[in-house]
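Okay, input-v6.cif is below, mmCIF, C-alpha atoms:
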```cif
data_coords
loop_
_atom_site.label_atom_id
_atom_site.label_comp_id
_atom_site.auth_asym_id
_atom_site.auth_seq_id
_atom_site.Cartn_x
_atom_site.Cartn_y
_atom_site.Cartn_z
CA MET A 1 25.61 -20.04 -5.19
CA PHE A 2 22.46 -22.05 -5.81
CA LYS A 3 22.77 -25.48 -7.39
CA LYS A 4 19.23 -25.64 -8.81
CA ILE A 5 16.69 -22.93 -9.66
CA LEU A 6 13.05 -23.30 -10.62
CA ILE A 7 11.90 -20.78 -13.25
CA ALA A 8 8.28 -19.84 -12.51
CA ASN A 9 7.49 -18.30 -15.85
CA ARG A 10 7.20 -18.99 -19.56
CA GLY A 11 8.10 -17.51 -22.94
CA GLU A 12 11.24 -15.58 -23.75
CA ILE A 13 11.97 -14.54 -20.15
CA ALA A 14 12.03 -18.19 -19.05
CA VAL A 15 14.56 -18.93 -21.80
CA ARG A 16 16.55 -15.81 -20.87
CA ILE A 17 16.79 -16.85 -17.20
CA LEU A 18 17.65 -20.42 -18.18
CA ARG A 19 20.63 -19.24 -20.24
CA SER A 20 22.10 -17.24 -17.37
CA CYS A 21 21.61 -20.19 -15.03
CA LYS A 22 23.52 -22.50 -17.37
CA GLU A 23 26.42 -20.03 -17.59
CA LEU A 24 26.50 -19.91 -13.77
CA GLY A 25 26.56 -23.72 -13.61
CA ILE A 26 23.09 -23.88 -12.06
CA GLN A 27 20.65 -26.67 -12.95
CA THR A 28 17.22 -25.53 -14.12
CA VAL A 29 13.66 -26.65 -13.52
CA CYS A 30 10.98 -25.16 -15.77
CA VAL A 31 7.30 -25.33 -14.92
CA HIS A 32 4.69 -25.26 -17.64
CA SER A 33 0.98 -25.47 -18.32
CA THR A 34 -0.57 -28.11 -20.56
CA ALA A 35 -0.64 -25.49 -23.33
CA ASP A 36 3.13 -25.00 -23.10
CA GLU A 37 4.33 -28.59 -23.33
CA SER A 38 6.14 -27.83 -26.60
CA SER A 39 7.50 -24.43 -25.55
CA LEU A 40 11.22 -23.80 -25.92
CA HIS A 41 11.88 -23.30 -22.20
CA VAL A 42 10.54 -26.80 -21.55
CA LYS A 43 12.82 -28.28 -24.23
CA LEU A 44 15.94 -26.52 -22.92
CA ALA A 45 15.52 -27.05 -19.16
CA ASP A 46 17.28 -29.81 -17.25
CA GLU A 47 13.90 -30.78 -15.76
CA SER A 48 10.31 -29.72 -16.36
CA VAL A 49 7.11 -30.09 -14.37
CA CYS A 50 3.55 -29.59 -15.60
CA ILE A 51 1.72 -27.49 -13.00
CA GLY A 52 -1.78 -27.27 -14.43
CA PRO A 53 -4.16 -26.40 -17.28
CA ALA A 54 -3.70 -23.58 -19.77
CA LYS A 55 -5.39 -20.79 -17.82
CA PRO A 56 -2.77 -18.83 -15.83
CA GLY A 57 -4.82 -18.95 -12.62
CA LEU A 58 -4.57 -22.73 -12.67
CA SER A 59 -0.90 -22.92 -13.62
CA TYR A 60 1.54 -19.98 -13.66
CA LEU A 61 -0.37 -18.27 -10.82
CA ASN A 62 -0.91 -21.52 -8.91
CA ILE A 63 1.36 -20.97 -5.91
CA PRO A 64 0.87 -24.41 -4.26
CA ALA A 65 1.63 -26.20 -7.54
CA ILE A 66 4.79 -24.15 -8.13
CA LEU A 67 6.07 -24.70 -4.59
CA SER A 68 5.29 -28.41 -4.86
CA ALA A 69 7.32 -28.55 -8.07
CA ALA A 70 10.22 -26.88 -6.26
CA GLU A 71 9.99 -29.40 -3.44
CA ILE A 72 9.88 -32.55 -5.57
CA THR A 73 12.76 -31.39 -7.77
CA GLY A 74 14.92 -30.07 -4.93
CA ALA A 75 15.12 -26.52 -6.28
CA GLU A 76 16.72 -24.14 -3.79
CA ALA A 77 15.39 -20.96 -5.35
CA ILE A 78 12.58 -19.72 -7.58
CA HIS A 79 13.06 -17.04 -10.22
CA PRO A 80 9.69 -15.44 -11.09
CA GLY A 81 10.81 -13.47 -14.18
CA PHE A 82 8.37 -10.64 -14.90
CA GLY A 83 4.58 -10.64 -14.81
CA PHE A 84 2.67 -13.48 -13.13
CA LEU A 85 3.99 -13.77 -9.52
CA SER A 86 7.09 -11.58 -9.88
CA GLU A 87 5.74 -8.78 -7.65
CA ASN A 88 3.50 -10.88 -5.42
CA ALA A 89 4.54 -10.41 -1.79
CA ASP A 90 2.40 -13.36 -0.66
CA PHE A 91 4.28 -15.64 -3.06
CA ALA A 92 7.63 -14.37 -1.78
CA ALA A 93 6.43 -15.00 1.78
CA MET A 94 5.32 -18.53 0.89
CA CYS A 95 8.73 -19.22 -0.66
CA LYS A 96 10.36 -18.14 2.59
CA LYS A 97 8.00 -20.37 4.58
CA TRP A 98 8.94 -23.34 2.37
CA ASN A 99 12.68 -22.53 2.74
CA VAL A 100 13.00 -21.67 -0.95
CA GLU A 101 14.81 -18.45 -1.89
CA PHE A 102 12.76 -15.95 -3.89
CA VAL A 103 14.98 -14.38 -6.56
CA GLY A 104 13.87 -10.83 -6.06
CA PRO A 105 13.84 -8.10 -3.42
CA SER A 106 12.75 -8.46 0.19
CA ILE A 107 9.09 -8.98 1.01
CA GLU A 108 9.04 -5.53 2.63
CA CYS A 109 10.29 -3.87 -0.57
CA ILE A 110 7.75 -5.70 -2.72
CA LYS A 111 4.94 -4.58 -0.43
CA SER A 112 6.01 -0.97 -0.06
CA MET A 113 7.36 -0.17 -3.52
CA GLY A 114 4.85 -2.38 -5.35
CA ASP A 115 2.02 -0.27 -3.94
CA LYS A 116 1.84 2.72 -6.27
CA ILE A 117 0.28 4.99 -3.63
CA LEU A 118 2.59 4.03 -0.77
CA SER A 119 5.65 4.15 -3.03
CA LYS A 120 4.84 7.78 -3.90
CA GLU A 121 4.75 8.63 -0.20
CA ILE A 122 8.09 6.89 0.32
CA ALA A 123 9.65 8.62 -2.69
CA LYS A 124 8.38 11.99 -1.46
CA ALA A 125 9.83 11.33 1.99
CA ALA A 126 13.14 10.48 0.29
CA GLY A 127 13.11 13.88 -1.42
CA LEU A 128 12.01 12.86 -4.92
CA PRO A 129 9.44 15.04 -6.74
CA VAL A 130 6.08 13.29 -7.20
CA LEU A 131 2.70 14.01 -8.76
CA GLU A 132 0.36 14.14 -5.76
CA PRO A 133 -2.32 11.43 -6.04
CA ILE A 134 -6.04 11.55 -5.26
CA ARG A 135 -6.96 8.44 -3.26
CA VAL A 136 -10.14 7.29 -4.94
CA ASN A 137 -11.14 4.57 -2.46
CA ASP A 138 -11.08 7.01 0.46
CA LEU A 139 -13.51 9.48 -1.10
CA SER A 140 -17.18 9.78 -2.03
CA ASP A 141 -18.16 10.45 -5.64
CA LYS A 142 -18.78 14.10 -4.81
CA GLU A 143 -15.36 14.45 -3.15
CA ILE A 144 -13.64 12.77 -6.11
CA ILE A 145 -15.23 15.27 -8.51
CA GLU A 146 -14.21 18.18 -6.27
CA GLU A 147 -10.59 16.98 -6.05
CA VAL A 148 -10.36 16.39 -9.79
CA ASP A 149 -11.74 19.89 -10.45
CA LYS A 150 -8.91 21.28 -8.33
CA MET A 151 -6.38 19.17 -10.26
CA LYS A 152 -8.01 19.98 -13.63
CA PHE A 153 -8.40 17.69 -16.64
CA PRO A 154 -6.82 15.70 -18.18
CA VAL A 155 -6.15 13.26 -15.35
CA LEU A 156 -5.00 9.65 -15.22
CA ILE A 157 -6.72 6.91 -13.22
CA LYS A 158 -4.40 4.12 -12.08
CA ALA A 159 -4.81 0.84 -10.22
CA SER A 160 -2.43 0.85 -7.28
CA ALA A 161 -1.57 -2.82 -7.80
CA GLY A 162 -1.54 -2.57 -11.60
CA GLY A 163 1.35 -3.01 -13.99
CA GLY A 164 2.33 -3.66 -17.57
CA GLY A 165 0.09 -0.84 -18.77
CA ARG A 166 -3.05 -2.41 -17.34
CA GLY A 167 -5.47 -0.68 -14.97
CA MET A 168 -4.89 2.82 -16.40
CA LYS A 169 -7.10 5.29 -18.25
CA ARG A 170 -6.81 8.93 -19.29
CA ILE A 171 -9.88 11.00 -18.41
CA ASP A 172 -10.71 14.28 -20.17
CA SER A 173 -14.19 15.12 -18.86
CA HIS A 174 -16.64 14.62 -15.99
CA ASP A 175 -18.81 12.36 -18.15
CA ASP A 176 -16.12 9.68 -18.26
CA LEU A 177 -14.83 10.03 -14.71
CA LEU A 178 -17.15 8.06 -12.41
CA PRO A 179 -18.09 5.33 -14.95
CA SER A 180 -14.37 4.71 -15.59
CA ILE A 181 -13.64 4.51 -11.87
CA SER A 182 -16.38 1.92 -11.42
CA ARG A 183 -15.14 -0.16 -14.34
CA LEU A 184 -11.47 0.06 -13.38
CA LYS A 185 -12.23 -0.97 -9.80
CA THR A 186 -13.87 -4.14 -11.08
CA GLU A 187 -11.03 -4.82 -13.52
CA ALA A 188 -8.38 -4.21 -10.87
CA LYS A 189 -10.10 -6.55 -8.42
CA ILE A 190 -10.25 -9.31 -11.02
CA GLY A 191 -6.80 -8.72 -12.50
CA PHE A 192 -4.75 -7.83 -9.41
CA GLY A 193 -6.88 -8.87 -6.43
CA ASP A 194 -6.95 -5.24 -5.26
CA ASP A 195 -9.42 -2.55 -6.37
CA THR A 196 -7.47 0.40 -4.92
CA LEU A 197 -7.35 3.28 -7.41
CA PHE A 198 -5.76 6.70 -7.45
CA ILE A 199 -5.84 9.69 -9.77
CA GLU A 200 -2.94 11.91 -10.75
CA LYS A 201 -2.46 14.85 -13.08
CA PHE A 202 -1.90 13.79 -16.69
CA ILE A 203 1.22 15.46 -18.08
CA THR A 204 0.42 16.37 -21.69
CA ASN A 205 3.95 16.31 -23.15
CA PRO A 206 5.87 13.68 -21.18
CA ARG A 207 8.65 11.23 -21.83
CA HIS A 208 8.68 7.96 -19.88
CA VAL A 209 12.19 7.54 -18.47
CA GLU A 210 13.32 4.76 -16.14
CA VAL A 211 16.55 3.97 -14.31
CA GLN A 212 17.92 0.43 -13.98
CA ILE A 213 19.03 -0.35 -10.42
CA LEU A 214 21.17 -3.22 -9.14
CA ALA A 215 21.53 -3.69 -5.36
CA ASP A 216 22.72 -6.41 -2.98
CA LYS A 217 21.85 -7.42 0.58
CA HIS A 218 24.88 -5.57 1.96
CA GLY A 219 23.79 -2.00 1.18
CA ASN A 220 25.58 -1.63 -2.16
CA VAL A 221 23.60 0.01 -4.98
CA VAL A 222 24.60 0.93 -8.54
CA HIS A 223 22.66 2.12 -11.57
CA LEU A 224 23.03 1.00 -15.18
CA GLY A 225 21.81 4.23 -16.69
CA GLU A 226 18.39 5.27 -17.92
CA ARG A 227 16.06 3.97 -20.62
CA ASP A 228 13.51 5.91 -22.64
CA CYS A 229 10.21 3.99 -22.93
CA THR A 230 8.10 6.79 -24.36
CA VAL A 231 6.70 4.95 -27.40
CA GLN A 232 3.64 3.23 -25.93
CA ARG A 233 0.27 1.93 -27.02
CA ARG A 234 -2.46 1.90 -24.37
CA PHE A 235 0.24 2.44 -21.71
CA GLN A 236 2.07 -0.69 -22.91
CA LYS A 237 5.67 -0.08 -23.99
CA VAL A 238 6.44 -0.75 -27.65
CA ILE A 239 10.00 0.51 -28.19
CA GLU A 240 12.68 1.18 -25.58
CA GLU A 241 16.10 2.77 -25.96
CA SER A 242 19.10 3.97 -24.00
CA PRO A 243 20.27 6.58 -23.41
CA CYS A 244 17.25 8.89 -23.41
CA PRO A 245 17.91 11.13 -26.43
CA VAL A 246 16.29 14.33 -25.11
CA ILE A 247 17.83 14.92 -21.68
CA THR A 248 21.06 16.67 -20.82
CA GLU A 249 24.00 15.02 -19.07
CA GLU A 250 23.12 17.10 -16.01
CA LYS A 251 19.53 15.78 -15.99
CA ARG A 252 20.79 12.23 -16.62
CA LYS A 253 23.08 12.44 -13.60
CA GLU A 254 20.27 13.90 -11.50
CA VAL A 255 17.70 11.21 -12.30
CA CYS A 256 20.13 8.29 -12.00
CA GLU A 257 21.45 9.49 -8.65
CA SER A 258 17.91 10.01 -7.35
CA ALA A 259 17.06 6.39 -8.24
CA VAL A 260 20.13 5.13 -6.36
CA HIS A 261 19.19 7.33 -3.41
CA LEU A 262 15.66 5.90 -3.33
CA ALA A 263 16.95 2.31 -3.53
CA LYS A 264 19.26 2.95 -0.58
CA HIS A 265 16.44 4.68 1.30
CA VAL A 266 14.23 1.57 1.12
CA LYS A 267 17.16 -0.89 1.55
CA TYR A 268 16.47 -2.41 -1.85
CA ASP A 269 18.28 -5.69 -2.58
CA SER A 270 17.80 -6.94 -6.15
CA VAL A 271 17.44 -5.65 -9.68
CA GLY A 272 14.71 -3.07 -10.02
CA THR A 273 13.58 -0.09 -12.05
CA VAL A 274 12.67 3.38 -10.83
CA GLU A 275 10.26 4.97 -13.31
CA TYR A 276 9.76 8.67 -13.94
CA LEU A 277 7.63 10.98 -16.03
CA TYR A 278 9.76 13.69 -17.61
CA ASP A 279 7.79 16.82 -18.43
CA GLN A 280 9.47 18.12 -21.59
CA ASP A 281 7.90 21.56 -21.16
CA SER A 282 9.16 22.19 -17.63
CA GLU A 283 12.18 19.85 -17.88
CA GLN A 284 11.11 18.35 -14.56
CA PHE A 285 11.26 14.68 -13.51
CA TYR A 286 8.47 13.18 -11.38
CA PHE A 287 8.74 9.81 -9.64
CA MET A 288 6.02 7.52 -10.99
CA GLU A 289 6.61 4.03 -9.57
CA MET A 290 9.17 1.35 -8.89
CA ASN A 291 9.11 -2.07 -10.51
CA THR A 292 10.48 -4.62 -8.07
CA ARG A 293 11.51 -7.15 -10.73
CA ILE A 294 13.49 -7.59 -13.90
CA GLN A 295 12.00 -5.58 -16.77
CA VAL A 296 11.11 -6.72 -20.28
CA GLU A 297 13.51 -4.10 -21.64
CA HIS A 298 16.54 -5.03 -19.51
CA PRO A 299 18.60 -6.15 -22.57
CA VAL A 300 18.89 -2.50 -23.64
CA SER A 301 20.95 -1.79 -20.52
CA GLU A 302 22.89 -5.04 -20.84
CA LEU A 303 24.07 -4.19 -24.34
CA ARG A 304 25.29 -0.73 -23.28
CA THR A 305 27.12 -1.96 -20.18
CA GLY A 306 28.07 -5.59 -20.89
CA ILE A 307 26.55 -6.61 -17.54
CA ASP A 308 24.32 -9.70 -17.31
CA LEU A 309 21.49 -8.44 -15.09
CA ILE A 310 19.88 -11.86 -14.59
CA SER A 311 23.18 -13.39 -13.44
CA GLN A 312 23.70 -10.46 -11.08
CA GLN A 313 20.16 -10.84 -9.75
CA ILE A 314 20.77 -14.53 -9.01
CA ARG A 315 24.12 -13.81 -7.35
CA VAL A 316 22.52 -11.15 -5.14
CA ALA A 317 19.65 -13.49 -4.17
CA SER A 318 22.19 -16.10 -3.05
CA GLY A 319 23.66 -13.54 -0.64
CA LEU A 320 26.79 -12.60 -2.57
CA GLU A 321 28.05 -9.03 -2.44
CA LEU A 322 28.22 -6.96 -5.61
CA THR A 323 31.66 -7.00 -7.20
CA ILE A 324 30.69 -4.03 -9.38
CA GLU A 325 31.09 -0.42 -8.25
CA GLN A 326 29.57 2.55 -10.03
CA LYS A 327 32.97 3.59 -11.37
CA ASP A 328 33.32 0.17 -13.03
CA ILE A 329 30.19 0.65 -15.18
CA VAL A 330 31.10 2.07 -18.56
CA PHE A 331 28.38 2.99 -21.06
CA HIS A 332 28.99 2.26 -24.73
CA GLY A 333 27.00 3.68 -27.63
CA HIS A 334 23.24 3.42 -28.03
CA SER A 335 20.74 0.56 -27.86
CA ILE A 336 17.13 0.09 -29.03
CA GLU A 337 14.63 -2.72 -28.41
CA CYS A 338 11.48 -3.58 -30.39
CA ARG A 339 8.88 -5.95 -28.93
CA ILE A 340 7.55 -8.33 -31.56
CA ASN A 341 4.01 -9.42 -30.69
CA ALA A 342 1.56 -11.87 -32.22
CA GLU A 343 -1.06 -9.24 -32.94
CA ASP A 344 -2.89 -7.39 -35.63
CA PRO A 345 -0.71 -4.31 -36.25
CA GLU A 346 -3.75 -2.08 -36.74
CA THR A 347 -6.01 -3.16 -33.89
CA SER A 348 -3.48 -4.76 -31.48
CA ALA A 349 -5.82 -7.77 -31.22
CA PRO A 350 -3.88 -10.95 -30.32
CA CYS A 351 -3.25 -13.36 -33.22
CA PRO A 352 -2.47 -16.84 -31.87
CA GLY A 353 -1.84 -19.77 -34.21
CA GLU A 354 0.90 -21.81 -35.84
CA ILE A 355 4.15 -20.18 -36.90
CA VAL A 356 4.73 -21.84 -40.26
CA HIS A 357 8.20 -20.35 -40.71
CA TYR A 358 10.46 -18.29 -38.46
CA HIS A 359 13.79 -16.70 -39.34
CA ARG A 360 15.56 -14.50 -36.81
CA PRO A 361 17.87 -11.66 -37.86
CA GLY A 362 21.62 -11.73 -37.35
CA GLY A 363 24.83 -9.83 -37.84
CA ILE A 364 26.93 -7.47 -35.78
CA GLY A 365 25.17 -5.57 -33.01
CA ILE A 366 21.95 -7.61 -33.08
CA ARG A 367 20.48 -9.67 -30.23
CA VAL A 368 17.20 -11.59 -30.28
CA ASP A 369 15.48 -12.85 -27.11
CA ASP A 370 12.70 -15.26 -28.12
CA PHE A 371 11.12 -18.64 -27.50
CA ILE A 372 9.51 -19.45 -30.82
CA TYR A 373 10.47 -21.68 -33.74
CA SER A 374 9.05 -22.88 -37.04
CA GLY A 375 6.07 -25.11 -36.30
CA TYR A 376 5.43 -23.63 -32.85
CA VAL A 377 1.78 -22.98 -32.05
CA VAL A 378 1.25 -19.68 -30.21
CA PRO A 379 -1.42 -20.33 -27.53
CA PRO A 380 -4.23 -17.80 -26.97
CA PHE A 381 -3.99 -17.78 -23.17
CA TYR A 382 -0.99 -15.55 -22.49
CA ASP A 383 0.76 -12.29 -23.33
CA SER A 384 1.24 -11.93 -27.09
CA MET A 385 4.97 -11.09 -27.04
CA LEU A 386 6.99 -13.52 -29.18
CA ALA A 387 10.43 -11.95 -29.30
CA LYS A 388 12.51 -8.90 -28.58
CA VAL A 389 14.86 -7.59 -31.24
CA ILE A 390 17.61 -5.50 -29.64
CA VAL A 391 20.34 -3.65 -31.49
CA HIS A 392 23.46 -1.80 -30.37
CA GLY A 393 25.43 0.82 -32.29
CA GLN A 394 27.78 3.74 -31.86
CA ASP A 395 24.90 6.25 -31.75
CA ARG A 396 21.13 6.51 -32.18
CA GLU A 397 21.24 6.98 -35.94
CA ALA A 398 23.36 3.85 -36.36
CA CYS A 399 20.87 1.94 -34.19
CA LEU A 400 17.90 3.10 -36.25
CA VAL A 401 19.56 1.90 -39.46
CA ARG A 402 20.54 -1.40 -37.85
CA MET A 403 17.08 -1.99 -36.39
CA GLU A 404 15.45 -1.45 -39.78
CA ARG A 405 17.77 -4.08 -41.24
CA ALA A 406 17.08 -6.46 -38.37
CA LEU A 407 13.31 -6.12 -38.72
CA ASP A 408 13.51 -6.55 -42.48
CA GLU A 409 15.36 -9.83 -41.87
CA THR A 410 12.82 -11.02 -39.28
CA ILE A 411 10.41 -13.46 -40.93
CA ILE A 412 7.38 -14.82 -39.05
CA GLU A 413 4.89 -16.56 -41.32
CA GLY A 414 1.52 -18.07 -40.42
CA ILE A 415 0.36 -15.40 -37.97
CA LYS A 416 0.13 -11.62 -37.92
CA THR A 417 2.73 -9.61 -36.00
CA ASN A 418 3.40 -5.95 -35.24
CA LYS A 419 6.68 -5.89 -37.22
CA ASN A 420 5.37 -3.38 -39.76
CA LEU A 421 4.19 -1.09 -36.95
CA HIS A 422 7.77 -0.95 -35.70
CA LEU A 423 9.05 -0.15 -39.17
CA ARG A 424 6.53 2.67 -39.53
CA ILE A 425 7.64 4.11 -36.19
CA LEU A 426 11.33 3.87 -37.06
CA ARG A 427 10.72 5.72 -40.34
CA ASP A 428 8.52 8.40 -38.80
CA SER A 429 10.06 11.87 -38.90
CA SER A 430 8.81 12.78 -35.41
CA PHE A 431 10.38 9.65 -33.92
CA ARG A 432 13.66 10.10 -35.76
CA GLY A 433 13.72 13.77 -34.78
CA ASN A 434 12.89 13.09 -31.11
CA ASN A 435 9.81 15.28 -31.36
CA TYR A 436 7.26 13.10 -29.57
CA SER A 437 5.77 12.11 -26.21
CA THR A 438 3.85 9.18 -24.72
CA ASN A 439 0.91 10.32 -26.86
CA PHE A 440 2.86 9.54 -30.04
CA LEU A 441 0.96 6.42 -31.14
CA THR A 442 -2.47 7.81 -30.24
CA LYS A 443 -1.93 10.39 -32.98
CA LYS A 444 -0.98 7.83 -35.64
#
```

Translate this structure into structure tokens?
Amino acid sequence: MFKKILIANRGEIAVRILRSCKELGIQTVCVHSTADESSLHVKLADESVCIGPAKPGLSYLNIPAILSAAEITGAEAIHPGFGFLSENADFAAMCKKWNVEFVGPSIECIKSMGDKILSKEIAKAAGLPVLEPIRVNDLSDKEIIEEVDKMKFPVLIKASAGGGGRGMKRIDSHDDLLPSISRLKTEAKIGFGDDTLFIEKFITNPRHVEVQILADKHGNVVHLGERDCTVQRRFQKVIEESPCPVITEEKRKEVCESAVHLAKHVKYDSVGTVEYLYDQDSEQFYFMEMNTRIQVEHPVSELRTGIDLISQQIRVASGLELTIEQKDIVFHGHSIECRINAEDPETSAPCPGEIVHYHRPGGIGIRVDDFIYSGYVVPPFYDSMLAKVIVHGQDREACLVRMERALDETIIEGIKTNKNLHLRILRDSSFRGNNYSTNFLTKK
């Protein structure tokens, strides 16, 4: 087991990783930008190192600065969390070159499964159903139009290196097709360093279902069930829950086993998530992508199984074999997560500023992953997520009641948040009745 880990991230995920490290007896080093000097992860870490100015490109994406921080503090491993460098194969390769363990899957898995086009080919070869993509960068404008006409509108443009809901756009007509491709290429180049785009058929009544995978370096793979992430705004997840309330036990078994099969097929060796679109009309699952990192919504699976995914990820990265077999994983009740963001609930515009007062909810079945406190100043440079409120109950209805209570108890004064948006969703008859798709919030 490692003795010291550097956490190359910020916000609630940095605090989350830090807590697991402490329970494993591992010392922690947190890096931070000048804008995050007063952040909670800096206050709680055993050591902290400032790695640059506020802008992410000069700090949290500054690979030389992060590796230098690992060297001067003697950190044996780097945990990237999610976002930033978590799925950057070049960063993982640099860690290996500097003899620092990257807490994540192999470089080969990051490259192959992190590429949304290549991962579809791999999944298809492994026998998983996929939505066949149109490779935009390989075609002329005329050929793109011809291929889209064969596929028929609506279609979805995606950046191959994208993630977190970025680099995606639904297209309903020819008028919007080529201009959107041009704009998304530019955005993808700036945001991900790769302007590769592809187009796939847009399923009009889908659920977004993902399977949590845990694998070691010895060929052992288990799943921790599926999560439903259908409630989204601009392809960014808003609410996640487990189990998916609209699939049968037969379908659940099918999709979870297919995710394990794919992980074994690519020799996956960390935590990861296999994501699917579930067409509610045809009751068919389609492989969408694989996230080669810990997910924002991982606490949903932790509450249902009692398994600490971050601790398991660290153990696996150190070379230890899984001590958990599939038969040992027992699923209890239902769990729901709401992401609390510093944003205008109507426009989704970020709302940085000082949190004058913060009170987190409590009571049985409630977990809060956060990094904020009264007097904390939310900087304008990063993702707007402040906290995740996660509840667990005997069934979905119990969770909905408990989440309403938890949100009512959550007090964040001084800035705007999306708390009331969550409450409106929870009280919506379509949501409570499971009569919705990924288009749910676009109709509100």

Rank A:Thr186, A:Ser258, A:Asn205, A:Asn341 by their smallest atom-to-atom distance to A:Thr438, using only C-alpha atoms, and report the top residue only.
A:Asn205

Can you tell me how far atom CA of A:Ser33 sits from atom CA of A:Ile51, in Å to one decimal?
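If I compute the distance from atom CA of A:Ser33 to atom CA of A:Ile51, I get 5.7 Å.
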
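Every residue that the PyMOL selection byres ((chain A and resi 167) around 8) selects in this file is listed here: A:Ile157, A:Lys158, A:Ala159, A:Gly162, A:Gly163, A:Gly165, A:Arg166, A:Met168, A:Lys169, A:Leu184, A:Glu187, A:Ala188.
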
For stretch 86-95 of chain A, find every residue with an atom within 8 Å (counting all atoms listed in the file), except residues of its own chain fewer than 3 positions away, and show them as a PyMOL selection string.
chain A and resi 63+67+78+80-83+98-102+104+107-108+110-111+114+292-293

Check the smallest atom-to-atom distance from each of A:Glu121, A:Lys185, A:Ile17, A:Ala8 to A:Ala69 using all atoms listed in the file, then report the winner.
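Smallest separation from A:Ala69 among the options: A:Ala8.
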
I'd like the contact shell of stretch 42-45 of chain A - 10 Å cut-off, all atoms listed in the file, skipping same-chain residues fewer than 2 positions apart - returned as a list in words.
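Everything that qualifies: Leu6, Ile7, Arg10, Gly11, Ala14, Val15, Leu18, Arg19, Lys22, Gln27, Thr28, Val29, Cys30, Val31, His32, Asp36, Glu37, Ser38, Ser39, Leu40, Glu47, Ser48, Val49 and Cys50 of chain A.
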
Residues within 12 Å of A:Gln284, please, as a PyMOL selection string. Count all atoms listed in the file; anything in the same chain fewer than 3 positions from it doesn't count.
chain A and resi 128-131+203+205-209+247-248+251-252+254-255+276-281+287

Under the PyMOL selection byres ((chain A and resi 358) around 12), which residues of this model are included? Write them out as a PDB file with C-alpha atoms, keeping the file's coordinate frame.
```pdb
ATOM      1  CA  GLU A 354       0.900 -21.810 -35.840  1.00  0.00           C
ATOM      2  CA  ILE A 355       4.150 -20.180 -36.900  1.00  0.00           C
ATOM      3  CA  VAL A 356       4.730 -21.840 -40.260  1.00  0.00           C
ATOM      4  CA  HIS A 357       8.200 -20.350 -40.710  1.00  0.00           C
ATOM      5  CA  HIS A 359      13.790 -16.700 -39.340  1.00  0.00           C
ATOM      6  CA  ARG A 360      15.560 -14.500 -36.810  1.00  0.00           C
ATOM      7  CA  PRO A 361      17.870 -11.660 -37.860  1.00  0.00           C
ATOM      8  CA  ASP A 370      12.700 -15.260 -28.120  1.00  0.00           C
ATOM      9  CA  PHE A 371      11.120 -18.640 -27.500  1.00  0.00           C
ATOM     10  CA  ILE A 372       9.510 -19.450 -30.820  1.00  0.00           C
ATOM     11  CA  TYR A 373      10.470 -21.680 -33.740  1.00  0.00           C
ATOM     12  CA  SER A 374       9.050 -22.880 -37.040  1.00  0.00           C
ATOM     13  CA  GLY A 375       6.070 -25.110 -36.300  1.00  0.00           C
ATOM     14  CA  TYR A 376       5.430 -23.630 -32.850  1.00  0.00           C
ATOM     15  CA  VAL A 377       1.780 -22.980 -32.050  1.00  0.00           C
ATOM     16  CA  LEU A 386       6.990 -13.520 -29.180  1.00  0.00           C
ATOM     17  CA  ALA A 387      10.430 -11.950 -29.300  1.00  0.00           C
ATOM     18  CA  GLU A 409      15.360  -9.830 -41.870  1.00  0.00           C
ATOM     19  CA  THR A 410      12.820 -11.020 -39.280  1.00  0.00           C
ATOM     20  CA  ILE A 411      10.410 -13.460 -40.930  1.00  0.00           C
ATOM     21  CA  ILE A 412       7.380 -14.820 -39.050  1.00  0.00           C
ATOM     22  CA  GLU A 413       4.890 -16.560 -41.320  1.00  0.00           C
ATOM     23  CA  GLY A 414       1.520 -18.070 -40.420  1.00  0.00           C
ATOM     24  CA  ILE A 415       0.360 -15.400 -37.970  1.00  0.00           C
ATOM     25  CA  THR A 417       2.730  -9.610 -36.000  1.00  0.00           C
TER      26      THR A 417
END
```

Within 9 Å of stretch 233-241 of chain A, which residues of stretch 266-365 of chain A show up? Give each one with its shortest atom-to-atom distance in Å (one decimal) and the two atoms involved, counting all atoms listed in the file, rows by chain then rising residue number, as a Markdown table.
```
| residue | atom | partner | partner_atom | distance |
| --- | --- | --- | --- | --- |
| A:Glu297 | CA | A:Glu240 | CA | 6.6 |
| A:Val300 | CA | A:Glu241 | CA | 6.4 |
| A:Ser301 | CA | A:Glu241 | CA | 8.6 |
| A:His334 | CA | A:Glu241 | CA | 7.5 |
| A:Ser335 | CA | A:Glu241 | CA | 5.5 |
| A:Ile336 | CA | A:Glu241 | CA | 4.2 |
| A:Glu337 | CA | A:Glu240 | CA | 5.2 |
| A:Cys338 | CA | A:Ile239 | CA | 4.9 |
| A:Arg339 | CA | A:Val238 | CA | 5.9 |
| A:Ile340 | CA | A:Val238 | CA | 8.6 |
| A:Ser348 | CA | A:Arg233 | CA | 8.9 |
```

Distance atom CA of A:Asn420-atom CA of A:Glu343, one decimal place?
11.1 Å

Residue list as a ChimeraX atom specification for point (-13.9, 8.8, -10.7), cut-off 7 Å, all atoms listed in the file:
/A:141,144-145,177-181

Point-to-point distance in Å for atom CA of A:Pro299 and atom CA of A:Val211
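Between atom CA of A:Val211 and atom CA of A:Pro299 the gap works out to 13.2 Å.
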